[in-house]
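Reproduced below: data32.pdb, with PDB, C-alpha atoms.
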```pdb
ATOM      1  CA  MET K 137       0.000   0.000   0.000
ATOM      2  CA  SER K 138       1.377   3.374  -0.938
ATOM      3  CA  ARG K 139       1.719   6.315   1.366
ATOM      4  CA  SER K 140      -1.068   8.231  -0.374
ATOM      5  CA  ASP K 141      -3.521   5.314   0.120
ATOM      6  CA  ARG K 142      -2.772   5.167   3.833
ATOM      7  CA  ARG K 143      -3.418   8.918   4.087
ATOM      8  CA  VAL K 144      -6.867   8.564   2.465
ATOM      9  CA  LEU K 145      -7.894   5.721   4.801
ATOM     10  CA  GLY K 146      -6.795   7.704   7.812
ATOM     11  CA  GLN K 147      -8.863  10.688   6.753
ATOM     12  CA  GLN K 148     -11.958   8.462   6.240
ATOM     13  CA  GLY K 149     -11.649   6.890   9.706
ATOM     14  CA  ALA K 150     -11.288  10.293  11.366
ATOM     15  CA  ARG K 151     -14.547  11.668   9.949
ATOM     16  CA  PRO K 152     -16.947   9.675  12.248
ATOM     17  CA  LEU K 153     -14.856  10.668  15.224
ATOM     18  CA  MET K 154     -15.055  14.338  14.304
ATOM     19  CA  THR K 155     -18.798  14.067  13.907
ATOM     20  CA  LEU K 156     -19.170  12.622  17.404
ATOM     21  CA  LEU K 157     -16.974  15.334  18.876
ATOM     22  CA  VAL K 158     -18.992  18.121  17.244
ATOM     23  CA  GLY K 159     -22.273  16.608  18.504
ATOM     24  CA  ALA K 160     -20.944  16.292  22.030
ATOM     25  CA  ILE K 161     -19.783  19.920  22.034
ATOM     26  CA  PHE K 162     -23.242  21.054  20.802
ATOM     27  CA  LEU K 163     -25.041  19.149  23.574
ATOM     28  CA  LEU K 164     -22.740  20.566  26.233
ATOM     29  CA  ALA K 165     -23.341  24.083  24.937
ATOM     30  CA  GLN K 166     -27.100  23.573  25.153
ATOM     31  CA  ALA K 167     -26.901  22.236  28.686
ATOM     32  CA  ALA K 168     -24.780  25.185  29.777
ATOM     33  CA  ALA K 169     -27.121  27.761  28.220
ATOM     34  CA  PRO K 170     -29.383  29.493  30.740
ATOM     35  CA  THR K 171     -32.965  28.206  30.753
ATOM     36  CA  PRO K 172     -35.531  30.928  29.954
ATOM     37  CA  PRO K 173     -38.054  31.473  32.712
ATOM     38  CA  SER K 174     -41.270  29.525  32.170
ATOM     39  CA  ALA K 175     -44.429  31.513  31.493
ATOM     40  CA  SER K 176     -46.737  31.800  34.509
ATOM     41  CA  PRO K 177     -50.052  29.852  34.177
ATOM     42  CA  PRO K 178     -53.071  31.954  33.200
ATOM     43  CA  ALA K 179     -55.128  33.185  36.102
ATOM     44  CA  PRO K 180     -58.373  31.246  36.526
ATOM     45  CA  ALA K 181     -61.355  33.018  35.020
ATOM     46  CA  GLY K 182     -63.827  34.335  37.570
ATOM     47  CA  PRO K 183     -67.573  33.706  37.503
ATOM     48  CA  ALA K 184     -69.755  35.664  35.117
ATOM     49  CA  THR K 185     -71.300  38.840  36.431
ATOM     50  CA  TYR K 186     -74.425  40.805  35.629
ATOM     51  CA  VAL K 187     -74.023  43.479  32.982
ATOM     52  CA  GLY K 188     -77.571  44.820  32.684
ATOM     53  CA  SER K 189     -80.209  44.857  29.960
ATOM     54  CA  GLU K 190     -78.655  47.822  28.153
ATOM     55  CA  THR K 191     -75.647  45.685  27.270
ATOM     56  CA  CYS K 192     -77.947  42.997  25.860
ATOM     57  CA  GLN K 193     -79.780  45.606  23.798
ATOM     58  CA  THR K 194     -76.568  46.483  21.965
ATOM     59  CA  CYS K 195     -76.743  43.267  19.913
ATOM     60  CA  HIS K 196     -80.321  42.065  20.475
ATOM     61  CA  GLU K 197     -82.145  45.277  19.713
ATOM     62  CA  GLU K 198     -85.093  43.640  17.931
ATOM     63  CA  ILE K 199     -85.669  41.093  20.700
ATOM     64  CA  HIS K 200     -85.298  43.797  23.328
ATOM     65  CA  GLY K 201     -87.959  45.908  21.635
ATOM     66  CA  ALA K 202     -90.426  43.004  21.487
ATOM     67  CA  PHE K 203     -89.678  42.049  25.083
ATOM     68  CA  ALA K 204     -90.735  45.516  26.216
ATOM     69  CA  LYS K 205     -94.353  44.449  25.466
ATOM     70  CA  ASN K 206     -94.022  41.268  27.505
ATOM     71  CA  PRO K 207     -95.305  41.066  31.118
ATOM     72  CA  HIS K 208     -91.903  39.778  32.208
ATOM     73  CA  HIS K 209     -90.478  43.186  31.328
ATOM     74  CA  ALA K 210     -91.944  44.420  34.614
ATOM     75  CA  LEU K 211     -88.908  42.851  36.302
ATOM     76  CA  GLU K 212     -86.870  45.682  34.805
ATOM     77  CA  ALA K 213     -88.279  48.004  37.454
ATOM     78  CA  SER K 214     -88.411  45.487  40.319
ATOM     79  CA  LYS K 215     -86.265  45.911  43.395
ATOM     80  CA  LYS K 216     -84.393  42.612  43.015
ATOM     81  CA  TRP K 217     -83.812  42.617  39.237
ATOM     82  CA  LYS K 218     -83.757  46.315  38.446
ATOM     83  CA  GLY K 219     -82.158  46.831  35.050
ATOM     84  CA  GLN K 220     -81.453  43.099  34.663
ATOM     85  CA  SER K 221     -84.670  41.617  33.284
ATOM     86  CA  CYS K 222     -82.844  39.713  30.504
ATOM     87  CA  GLU K 223     -80.450  38.069  32.949
ATOM     88  CA  THR K 224     -83.330  36.934  35.133
ATOM     89  CA  CYS K 225     -83.791  33.987  32.781
ATOM     90  CA  HIS K 226     -80.494  33.923  30.872
ATOM     91  CA  GLY K 227     -78.167  34.287  33.857
ATOM     92  CA  PRO K 228     -75.151  36.632  34.217
ATOM     93  CA  GLY K 229     -74.050  37.821  30.796
ATOM     94  CA  SER K 230     -70.532  39.264  31.215
ATOM     95  CA  LYS K 231     -68.767  36.320  29.532
ATOM     96  CA  HIS K 232     -71.243  36.274  26.661
ATOM     97  CA  ALA K 233     -70.844  40.025  26.168
ATOM     98  CA  GLU K 234     -67.070  39.599  25.820
ATOM     99  CA  SER K 235     -66.955  36.468  23.656
ATOM    100  CA  VAL K 236     -70.294  36.805  21.800
ATOM    101  CA  ASP K 237     -70.412  33.002  22.007
ATOM    102  CA  PRO K 238     -73.862  31.409  22.522
ATOM    103  CA  LYS K 239     -72.226  28.790  24.747
ATOM    104  CA  ASP K 240     -71.414  31.477  27.314
ATOM    105  CA  ILE K 241     -75.060  32.302  28.069
ATOM    106  CA  ARG K 242     -77.959  30.239  29.372
ATOM    107  CA  ASN K 243     -80.702  29.630  26.803
ATOM    108  CA  PRO K 244     -83.842  27.999  28.303
ATOM    109  CA  LEU K 245     -84.886  26.793  24.846
ATOM    110  CA  LYS K 246     -81.775  24.601  24.633
ATOM    111  CA  LEU K 247     -81.892  23.284  28.197
ATOM    112  CA  ALA K 248     -83.382  19.980  29.252
ATOM    113  CA  PRO K 249     -87.079  20.390  30.223
ATOM    114  CA  ALA K 250     -86.351  19.883  33.933
ATOM    115  CA  ASP K 251     -83.602  22.532  33.906
ATOM    116  CA  SER K 252     -85.706  24.902  31.822
ATOM    117  CA  GLU K 253     -88.644  24.621  34.206
ATOM    118  CA  ARG K 254     -86.351  25.232  37.153
ATOM    119  CA  VAL K 255     -85.622  28.641  35.657
ATOM    120  CA  CYS K 256     -89.327  29.459  35.327
ATOM    121  CA  LEU K 257     -90.157  28.187  38.807
ATOM    122  CA  THR K 258     -87.685  30.639  40.276
ATOM    123  CA  CYS K 259     -90.590  33.090  40.149
ATOM    124  CA  HIS K 260     -93.621  30.913  39.398
ATOM    125  CA  LEU K 261     -93.241  28.540  42.344
ATOM    126  CA  ASN K 262     -96.294  27.555  44.437
ATOM    127  CA  GLN K 263     -98.781  29.306  42.190
ATOM    128  CA  LYS K 264    -102.186  27.650  42.038
ATOM    129  CA  THR K 265    -101.973  27.029  38.293
ATOM    130  CA  HIS K 266     -98.915  24.817  38.746
ATOM    131  CA  ILE K 267    -100.002  22.697  41.715
ATOM    132  CA  GLY K 268    -100.468  19.554  39.615
ATOM    133  CA  ARG K 269     -97.615  20.137  37.199
ATOM    134  CA  LEU K 270     -95.781  16.900  38.042
ATOM    135  CA  GLN K 271     -98.968  14.838  37.933
ATOM    136  CA  GLY K 272    -100.258  16.293  34.660
ATOM    137  CA  GLY K 273     -99.610  14.917  31.216
ATOM    138  CA  HIS K 274     -97.318  17.747  30.156
ATOM    139  CA  GLY K 275     -95.129  17.253  33.195
ATOM    140  CA  LYS K 276     -94.872  13.500  32.720
ATOM    141  CA  SER K 277     -94.074  13.959  29.036
ATOM    142  CA  GLN K 278     -91.390  16.554  29.866
ATOM    143  CA  VAL K 279     -93.006  19.360  27.917
ATOM    144  CA  ALA K 280     -91.188  22.506  29.019
ATOM    145  CA  CYS K 281     -92.871  25.831  29.711
ATOM    146  CA  VAL K 282     -91.103  27.448  26.755
ATOM    147  CA  SER K 283     -92.707  24.894  24.426
ATOM    148  CA  CYS K 284     -96.013  26.763  24.771
ATOM    149  CA  HIS K 285     -95.023  30.212  26.032
ATOM    150  CA  SER K 286     -93.058  32.786  23.996
ATOM    151  CA  MET K 287     -90.964  34.759  26.450
ATOM    152  CA  HIS K 288     -89.801  37.553  24.161
ATOM    153  CA  LYS K 289     -93.129  38.375  22.536
ATOM    154  CA  SER K 290     -96.261  40.317  23.411
ATOM    155  CA  ARG K 291     -98.768  39.531  26.153
ATOM    156  CA  GLU K 292    -101.095  37.825  23.661
ATOM    157  CA  GLU K 293     -98.304  35.560  22.404
ATOM    158  CA  LEU K 294     -96.921  34.808  25.866
ATOM    159  CA  VAL K 295    -100.262  33.371  27.003
ATOM    160  CA  ALA K 296    -102.622  32.712  24.109
ATOM    161  CA  ARG K 297    -106.106  33.797  25.147
ATOM    162  CA  LYS K 298    -108.171  33.912  21.975
ATOM    163  CA  PRO K 299    -109.848  30.535  21.327
ATOM    164  CA  ALA K 300    -108.409  30.212  17.833
ATOM    165  CA  ALA K 301    -104.851  30.855  19.065
ATOM    166  CA  VAL K 302    -105.215  28.430  21.989
ATOM    167  CA  ASN K 303    -106.623  25.692  19.776
ATOM    168  CA  GLU K 304    -103.863  26.141  17.218
ATOM    169  CA  LYS K 305    -101.231  25.797  19.936
ATOM    170  CA  CYS K 306    -102.779  22.624  21.392
ATOM    171  CA  ALA K 307    -103.456  21.082  17.987
ATOM    172  CA  SER K 308     -99.791  21.339  17.045
ATOM    173  CA  CYS K 309     -99.120  18.388  19.387
ATOM    174  CA  HIS K 310    -102.533  16.768  19.926
ATOM    175  CA  VAL K 311    -103.188  16.040  16.275
ATOM    176  CA  SER K 312    -105.434  12.996  16.786
ATOM    177  CA  VAL K 313    -107.611  14.833  19.306
ATOM    178  CA  TRP K 314    -108.005  17.781  16.967
ATOM    179  CA  ALA K 315    -109.008  15.425  14.173
ATOM    180  CA  SER K 316    -111.865  14.093  16.306
ATOM    181  CA  PHE K 317    -113.415  17.571  16.346
ATOM    182  CA  GLN K 318    -113.955  17.228  12.614
ATOM    183  CA  ARG K 319    -116.645  14.598  13.202
ATOM    184  CA  PRO K 320    -120.282  15.538  12.489
ATOM    185  CA  TYR K 321    -121.120  16.367  16.116
ATOM    186  CA  GLY K 322    -118.799  17.885  18.682
ATOM    187  CA  HIS K 323    -117.934  20.948  20.683
ATOM    188  CA  LYS K 324    -117.467  24.096  18.646
ATOM    189  CA  LEU K 325    -113.704  24.369  18.758
ATOM    190  CA  PRO K 326    -113.113  24.519  14.981
ATOM    191  CA  GLN K 327    -115.528  27.462  14.910
ATOM    192  CA  ALA K 328    -113.479  29.182  17.689
ATOM    193  CA  ALA K 329    -116.544  29.328  19.925
ATOM    194  CA  MET K 330    -114.506  27.780  22.749
ATOM    195  CA  SER K 331    -111.001  26.546  23.417
ATOM    196  CA  CYS K 332    -109.246  23.521  24.879
ATOM    197  CA  VAL K 333    -108.413  25.323  28.132
ATOM    198  CA  ASP K 334    -112.122  25.888  28.807
ATOM    199  CA  CYS K 335    -112.242  22.226  29.809
ATOM    200  CA  HIS K 336    -108.594  21.307  30.463
ATOM    201  CA  ASN K 337    -105.947  22.753  32.741
ATOM    202  CA  PRO K 338    -102.763  22.673  30.634
ATOM    203  CA  HIS K 339    -100.558  22.860  33.735
ATOM    204  CA  GLY K 340    -102.157  19.743  35.214
ATOM    205  CA  ARG K 341    -103.968  18.943  38.424
ATOM    206  CA  SER K 342    -103.198  17.031  41.577
ATOM    207  CA  ILE K 343    -104.913  14.018  39.986
ATOM    208  CA  SER K 344    -104.138  12.316  36.697
ATOM    209  CA  SER K 345    -107.023  13.926  34.793
ATOM    210  CA  THR K 346    -106.443  17.372  33.312
ATOM    211  CA  VAL K 347    -110.184  18.168  33.110
ATOM    212  CA  ARG K 348    -110.872  21.322  35.056
ATOM    213  CA  ALA K 349    -112.918  21.067  38.233
ATOM    214  CA  THR K 350    -115.592  23.514  39.315
ATOM    215  CA  ALA K 351    -116.867  24.457  42.755
ATOM    216  CA  VAL K 352    -117.166  21.035  44.404
ATOM    217  CA  ASN K 353    -114.659  19.048  42.325
ATOM    218  CA  GLU K 354    -117.247  18.588  39.618
ATOM    219  CA  PRO K 355    -116.190  18.281  35.980
ATOM    220  CA  SER K 356    -116.069  21.464  33.987
ATOM    221  CA  CYS K 357    -118.918  20.153  31.798
ATOM    222  CA  VAL K 358    -121.453  21.486  34.311
ATOM    223  CA  GLN K 359    -120.300  25.051  33.708
ATOM    224  CA  CYS K 360    -122.277  24.942  30.461
ATOM    225  CA  HIS K 361    -124.597  21.998  31.116
ATOM    226  CA  GLY K 362    -125.924  23.225  34.443
ATOM    227  CA  ASP K 363    -129.167  21.228  34.249
ATOM    228  CA  LYS K 364    -127.124  18.020  34.565
ATOM    229  CA  ARG K 365    -125.294  19.179  37.661
ATOM    230  CA  GLY K 366    -127.475  18.081  40.548
ATOM    231  CA  PRO K 367    -127.224  17.191  43.356
ATOM    232  CA  PHE K 368    -129.902  14.581  42.745
ATOM    233  CA  LEU K 369    -131.726  12.492  45.298
ATOM    234  CA  PHE K 370    -131.281   9.477  43.013
ATOM    235  CA  GLU K 371    -127.927   9.641  41.292
ATOM    236  CA  HIS K 372    -126.889   7.694  38.245
ATOM    237  CA  ALA K 373    -123.735   5.928  39.419
ATOM    238  CA  PRO K 374    -121.547   6.639  36.354
ATOM    239  CA  MET K 375    -122.068  10.366  36.888
ATOM    240  CA  ARG K 376    -120.391  10.050  40.267
ATOM    241  CA  THR K 377    -117.683   7.522  39.407
ATOM    242  CA  ASP K 378    -116.673   8.134  35.770
ATOM    243  CA  GLY K 379    -118.257  11.457  34.945
ATOM    244  CA  CYS K 380    -119.758  12.553  31.664
ATOM    245  CA  SER K 381    -117.189  10.713  29.561
ATOM    246  CA  ALA K 382    -118.656   7.390  30.694
ATOM    247  CA  CYS K 383    -121.374   7.857  28.066
ATOM    248  CA  HIS K 384    -120.294  10.858  25.992
ATOM    249  CA  GLU K 385    -117.361  11.500  23.685
ATOM    250  CA  PRO K 386    -116.527  15.156  24.415
ATOM    251  CA  HIS K 387    -114.183  15.762  21.469
ATOM    252  CA  GLY K 388    -116.538  14.621  18.739
ATOM    253  CA  SER K 389    -118.909  11.835  17.797
ATOM    254  CA  SER K 390    -121.036  10.514  14.970
ATOM    255  CA  HIS K 391    -124.096  10.584  17.274
ATOM    256  CA  PRO K 392    -126.137  13.799  17.727
ATOM    257  CA  ARG K 393    -125.914  13.421  21.522
ATOM    258  CA  MET K 394    -122.175  12.799  21.281
ATOM    259  CA  LEU K 395    -122.531   9.286  22.688
ATOM    260  CA  THR K 396    -119.683   6.823  22.705
ATOM    261  CA  ARG K 397    -121.807   4.376  20.649
ATOM    262  CA  ASN K 398    -124.050   4.824  17.646
ATOM    263  CA  GLU K 399    -127.138   3.633  19.521
ATOM    264  CA  PRO K 400    -128.219   4.697  23.025
ATOM    265  CA  ARG K 401    -129.221   1.153  24.023
ATOM    266  CA  VAL K 402    -125.684  -0.107  23.331
ATOM    267  CA  VAL K 403    -124.308   2.533  25.694
ATOM    268  CA  CYS K 404    -126.769   1.462  28.407
ATOM    269  CA  LEU K 405    -126.081  -2.239  27.933
ATOM    270  CA  GLU K 406    -122.385  -1.771  28.606
ATOM    271  CA  CYS K 407    -123.431  -1.673  32.277
ATOM    272  CA  HIS K 408    -127.000  -3.002  32.243
ATOM    273  CA  ALA K 409    -126.282  -6.334  30.568
ATOM    274  CA  ASN K 410    -128.184  -9.611  31.107
ATOM    275  CA  VAL K 411    -125.227 -11.435  32.547
ATOM    276  CA  GLY K 412    -126.224 -15.075  33.155
ATOM    277  CA  SER K 413    -129.805 -14.651  31.931
ATOM    278  CA  PRO K 414    -131.299 -17.102  29.426
ATOM    279  CA  ALA K 415    -131.768 -16.038  25.822
ATOM    280  CA  PRO K 416    -133.627 -14.701  23.934
ATOM    281  CA  ALA K 417    -135.127 -12.331  26.514
ATOM    282  CA  LEU K 418    -132.731  -9.828  28.105
ATOM    283  CA  GLY K 419    -133.348 -10.413  31.782
ATOM    284  CA  GLY K 420    -131.590  -9.553  34.990
ATOM    285  CA  VAL K 421    -130.758  -5.917  34.507
ATOM    286  CA  PRO K 422    -132.721  -4.619  32.696
ATOM    287  CA  PRO K 423    -135.755  -6.697  33.724
ATOM    288  CA  ALA K 424    -136.786  -9.669  31.626
ATOM    289  CA  PHE K 425    -139.694  -7.933  29.958
ATOM    290  CA  HIS K 426    -137.225  -5.629  28.111
ATOM    291  CA  ASP K 427    -137.068  -7.677  24.941
ATOM    292  CA  LEU K 428    -134.770  -5.627  22.739
ATOM    293  CA  ARG K 429    -136.102  -7.336  19.666
ATOM    294  CA  ASN K 430    -139.169  -5.183  20.190
ATOM    295  CA  PRO K 431    -138.646  -1.643  18.800
ATOM    296  CA  ARG K 432    -140.393  -0.084  21.807
ATOM    297  CA  PHE K 433    -137.516  -1.211  24.044
ATOM    298  CA  GLN K 434    -134.681  -0.335  21.711
ATOM    299  CA  THR K 435    -134.429   3.275  22.903
ATOM    300  CA  CYS K 436    -133.950   3.294  26.665
ATOM    301  CA  VAL K 437    -134.317   7.048  27.071
ATOM    302  CA  THR K 438    -137.895   6.901  25.790
ATOM    303  CA  CYS K 439    -138.882   5.865  29.317
ATOM    304  CA  HIS K 440    -135.811   6.650  31.388
ATOM    305  CA  VAL K 441    -135.725  10.310  30.531
ATOM    306  CA  LYS K 442    -133.685  11.481  33.547
ATOM    307  CA  VAL K 443    -130.596   9.363  32.978
ATOM    308  CA  HIS K 444    -128.332  11.965  34.584
ATOM    309  CA  GLY K 445    -130.252  11.808  37.871
ATOM    310  CA  SER K 446    -133.703  12.312  39.339
ATOM    311  CA  ASN K 447    -135.203  13.700  42.509
ATOM    312  CA  VAL K 448    -138.458  11.731  42.379
ATOM    313  CA  ASP K 449    -137.869   8.343  40.750
ATOM    314  CA  ARG K 450    -135.229   5.726  41.440
ATOM    315  CA  SER K 451    -135.558   4.389  37.878
ATOM    316  CA  PHE K 452    -135.025   7.857  36.340
ATOM    317  CA  ARG K 453    -138.382   7.806  34.557
ATOM    318  CA  ARG K 454    -139.323  11.294  35.687
TER     319      ARG K 454
END
```
I'd like the structure from this file rewritten - as structure tokens, please.
Amino acid sequence: MSRSDRRVLGQQGARPLMTLLVGAIFLLAQAAAPTPPSASPPAPAGPATYVGSETCQTCHEEIHGAFAKNPHHALEASKKWKGQSCETCHGPGSKHAESVDPKDIRNPLKLAPADSERVCLTCHLNQKTHIGRLQGGHGKSQVACVSCHSMHKSREELVARKPAAVNEKCASCHVSVWASFQRPYGHKLPQAAMSCVDCHNPHGRSISSTVRATAVNEPSCVQCHGDKRGPFLFEHAPMRTDGCSACHEPHGSSHPRMLTRNEPRVVCLECHANVGSPAPALGGVPPAFHDLRNPRFQTCVTCHVKVHGSNVDRSFRR
């Protein structure tokens, strides 16, 4: 091997060693360099604070103008919520005012029904209209207050009072019930002569039925049908136990008297059947001489004219 070849091999073997030395020097220089001070952690954000309705008006001018016609706007002048009527329901708005992010403000429309109602019950707790809220159908079905009430709109839109507006609101969910009013005979709801809340309490009652009760826990039917009210010396049992709906279909029927069946005798025989009596005569209750094959006995109310109750006859014949 010549001298020049040995020189080349020596240079090639020295290169990896030089590379290692340079890397070691670089690492030592980094370790010796002063470490920059670490940045202090951000201070924890404080809770949101109240900013007042004027701040809300800056962005929500249209809603603020409509809300001025709403009964809830009276909170603006109250002692507890003076100047903060918006934040009564939406909560403190300082974070939302800074970020303009919908997530930084409470929106009852987007809350779960239980949480949304908790906001409303802050003021509307223990009012007589809400006594049966948990027992009523709306409460059990988790229908929130804001599903029926418009908080930012006028008094008429907050609580619908005109029959047509009330019926439209109820029919939006109770489609099958509204369809029954289209039958030939029924209460005059499609004609806006009355509304659903004339008979039903939408907030519920302390019992499962939502039918309104009058003076002595009587069904609301007697408010219009006072001649059927009583008290009677001889009461017809279904009137006491099941009420008017035992025989009548209040929402609509194909019978002129709004009966649950097409023929009055069929309605009567649902209770007054000849259980255990020999055919062909219908005995027991009604008595055996009531042979329903005879046309004279096929309409019970021809003789029993006081089927709702009587003061003089146990058989309701007068």
(message) Give me the residues near range 285-293 of chain K as a list of chain:residue names, where near means some atom within 8 Å (using only C-alpha atoms) and where sequence neighbours in that chain fewer than 4 positions away do not count.
(response) K:Ile199, K:His200, K:Ala202, K:Phe203, K:Lys205, K:Asn206, K:Pro207, K:His208, K:Cys281, K:Arg297
Nearest residue to Asp427 in chain K from the set K:His274, K:Arg401, K:Lys215, K:Lys364 (distances using all atoms listed in the file)
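Closest residue, counting all atoms listed in the file: K:Arg401.
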Could you check how far CA of Lys239 in chain K sits from CA of Leu261 in chain K, in Å to one decimal?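 The value is 27.4 Å.
Computed from the coordinates, the CA of Leu294 in chain K to CA of Glu197 in chain K distance equals 19.1 Å.
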(message) Here's the selection I'm unsure about, the PyMOL selection byres ((chain K and resi 319) around 12); applied to the file above, which residues does it give, as a list in words?
(response)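 Checking the PyMOL selection byres ((chain K and resi 319) around 12) against this file, the residues are Ser312, Val313, Trp314, Ala315, Ser316, Phe317, Gln318, Pro320, Tyr321, Gly322, His323, Lys324, Leu325, Pro326, Glu385, Pro386, His387, Gly388, Ser389, Ser390, His391, Pro392 and Met394 of chain K.
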Using the chain letters and residue numbers of this document, give as a PyMOL selection string the residues selected by the PyMOL selection byres ((chain K and resi 431-442) around 10). chain K and resi 364+370-372+399-405+425-430+443-447+449-454
File dump, residues just selected, C-alpha atoms, as an mmCIF file, in the frame of the given file:
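Everything below was put into selection30.cif:
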```cif
data_model
loop_
_atom_site.group_PDB
_atom_site.id
_atom_site.type_symbol
_atom_site.label_atom_id
_atom_site.label_comp_id
_atom_site.auth_asym_id
_atom_site.auth_seq_id
_atom_site.Cartn_x
_atom_site.Cartn_y
_atom_site.Cartn_z
ATOM 1 C CA LYS K 364 -127.124 18.020 34.565
ATOM 2 C CA PHE K 370 -131.281 9.477 43.013
ATOM 3 C CA GLU K 371 -127.927 9.641 41.292
ATOM 4 C CA HIS K 372 -126.889 7.694 38.245
ATOM 5 C CA GLU K 399 -127.138 3.633 19.521
ATOM 6 C CA PRO K 400 -128.219 4.697 23.025
ATOM 7 C CA ARG K 401 -129.221 1.153 24.023
ATOM 8 C CA VAL K 402 -125.684 -0.107 23.331
ATOM 9 C CA VAL K 403 -124.308 2.533 25.694
ATOM 10 C CA CYS K 404 -126.769 1.462 28.407
ATOM 11 C CA LEU K 405 -126.081 -2.239 27.933
ATOM 12 C CA PHE K 425 -139.694 -7.933 29.958
ATOM 13 C CA HIS K 426 -137.225 -5.629 28.111
ATOM 14 C CA ASP K 427 -137.068 -7.677 24.941
ATOM 15 C CA LEU K 428 -134.770 -5.627 22.739
ATOM 16 C CA ARG K 429 -136.102 -7.336 19.666
ATOM 17 C CA ASN K 430 -139.169 -5.183 20.190
ATOM 18 C CA VAL K 443 -130.596 9.363 32.978
ATOM 19 C CA HIS K 444 -128.332 11.965 34.584
ATOM 20 C CA GLY K 445 -130.252 11.808 37.871
ATOM 21 C CA SER K 446 -133.703 12.312 39.339
ATOM 22 C CA ASN K 447 -135.203 13.700 42.509
ATOM 23 C CA ASP K 449 -137.869 8.343 40.750
ATOM 24 C CA ARG K 450 -135.229 5.726 41.440
ATOM 25 C CA SER K 451 -135.558 4.389 37.878
ATOM 26 C CA PHE K 452 -135.025 7.857 36.340
ATOM 27 C CA ARG K 453 -138.382 7.806 34.557
ATOM 28 C CA ARG K 454 -139.323 11.294 35.687
#
```
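Nearest residue to Gly275 in chain K among K:Asn243, K:Glu223, K:Val236, K:Arg341 is K:Arg341, counting all atoms listed in the file.
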Checklist line | Output check: residues returned by the PyMOL selection byres ((chain K and resi 184) around 12), as a ChimeraX atom specification | finding: /K:181-183,185-187,223,226-235,240-242
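With CA of Pro374 in chain K on one side and CA of Ser356 in chain K on the other, the separation reads 16.0 Å.
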Would you mind putting back N, CA and C atoms on range 334-348 of chain K, then writing it out as an mmCIF file, in the coordinates of the input?
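Contents of part-v9.cif, as written:
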```cif
data_model
loop_
_atom_site.group_PDB
_atom_site.id
_atom_site.type_symbol
_atom_site.label_atom_id
_atom_site.label_comp_id
_atom_site.auth_asym_id
_atom_site.auth_seq_id
_atom_site.Cartn_x
_atom_site.Cartn_y
_atom_site.Cartn_z
ATOM 1 N N ASP K 334 -110.838 25.739 28.128
ATOM 2 C CA ASP K 334 -112.122 25.888 28.807
ATOM 3 C C ASP K 334 -112.467 24.627 29.591
ATOM 4 N N CYS K 335 -111.961 23.504 29.146
ATOM 5 C CA CYS K 335 -112.242 22.226 29.809
ATOM 6 C C CYS K 335 -111.013 21.629 30.477
ATOM 7 N N HIS K 336 -109.823 21.929 29.961
ATOM 8 C CA HIS K 336 -108.594 21.307 30.463
ATOM 9 C C HIS K 336 -107.684 22.351 31.101
ATOM 10 N N ASN K 337 -106.986 21.927 32.133
ATOM 11 C CA ASN K 337 -105.947 22.753 32.741
ATOM 12 C C ASN K 337 -104.608 22.316 32.152
ATOM 13 N N PRO K 338 -103.990 23.119 31.308
ATOM 14 C CA PRO K 338 -102.763 22.673 30.634
ATOM 15 C C PRO K 338 -101.599 22.442 31.583
ATOM 16 N N HIS K 339 -101.648 23.049 32.770
ATOM 17 C CA HIS K 339 -100.558 22.860 33.735
ATOM 18 C C HIS K 339 -100.759 21.617 34.589
ATOM 19 N N GLY K 340 -101.919 20.962 34.453
ATOM 20 C CA GLY K 340 -102.157 19.743 35.214
ATOM 21 C C GLY K 340 -102.900 19.995 36.509
ATOM 22 N N ARG K 341 -103.281 18.898 37.138
ATOM 23 C CA ARG K 341 -103.968 18.943 38.424
ATOM 24 C C ARG K 341 -103.292 17.962 39.375
ATOM 25 N N SER K 342 -103.770 17.942 40.593
ATOM 26 C CA SER K 342 -103.198 17.031 41.577
ATOM 27 C C SER K 342 -103.643 15.595 41.355
ATOM 28 N N ILE K 343 -104.522 15.366 40.392
ATOM 29 C CA ILE K 343 -104.913 14.018 39.986
ATOM 30 C C ILE K 343 -104.511 13.829 38.534
ATOM 31 N N SER K 344 -104.648 12.610 38.040
ATOM 32 C CA SER K 344 -104.138 12.316 36.697
ATOM 33 C C SER K 344 -104.927 13.024 35.601
ATOM 34 N N SER K 345 -106.204 13.289 35.818
ATOM 35 C CA SER K 345 -107.023 13.926 34.793
ATOM 36 C C SER K 345 -106.714 15.411 34.713
ATOM 37 N N THR K 346 -106.679 15.938 33.502
ATOM 38 C CA THR K 346 -106.443 17.372 33.312
ATOM 39 C C THR K 346 -107.739 18.149 33.138
ATOM 40 N N VAL K 347 -108.899 17.481 33.254
ATOM 41 C CA VAL K 347 -110.184 18.168 33.110
ATOM 42 C C VAL K 347 -110.361 19.110 34.289
ATOM 43 N N ARG K 348 -110.700 20.331 34.004
ATOM 44 C CA ARG K 348 -110.872 21.322 35.056
ATOM 45 C C ARG K 348 -112.008 20.922 36.005
#
```
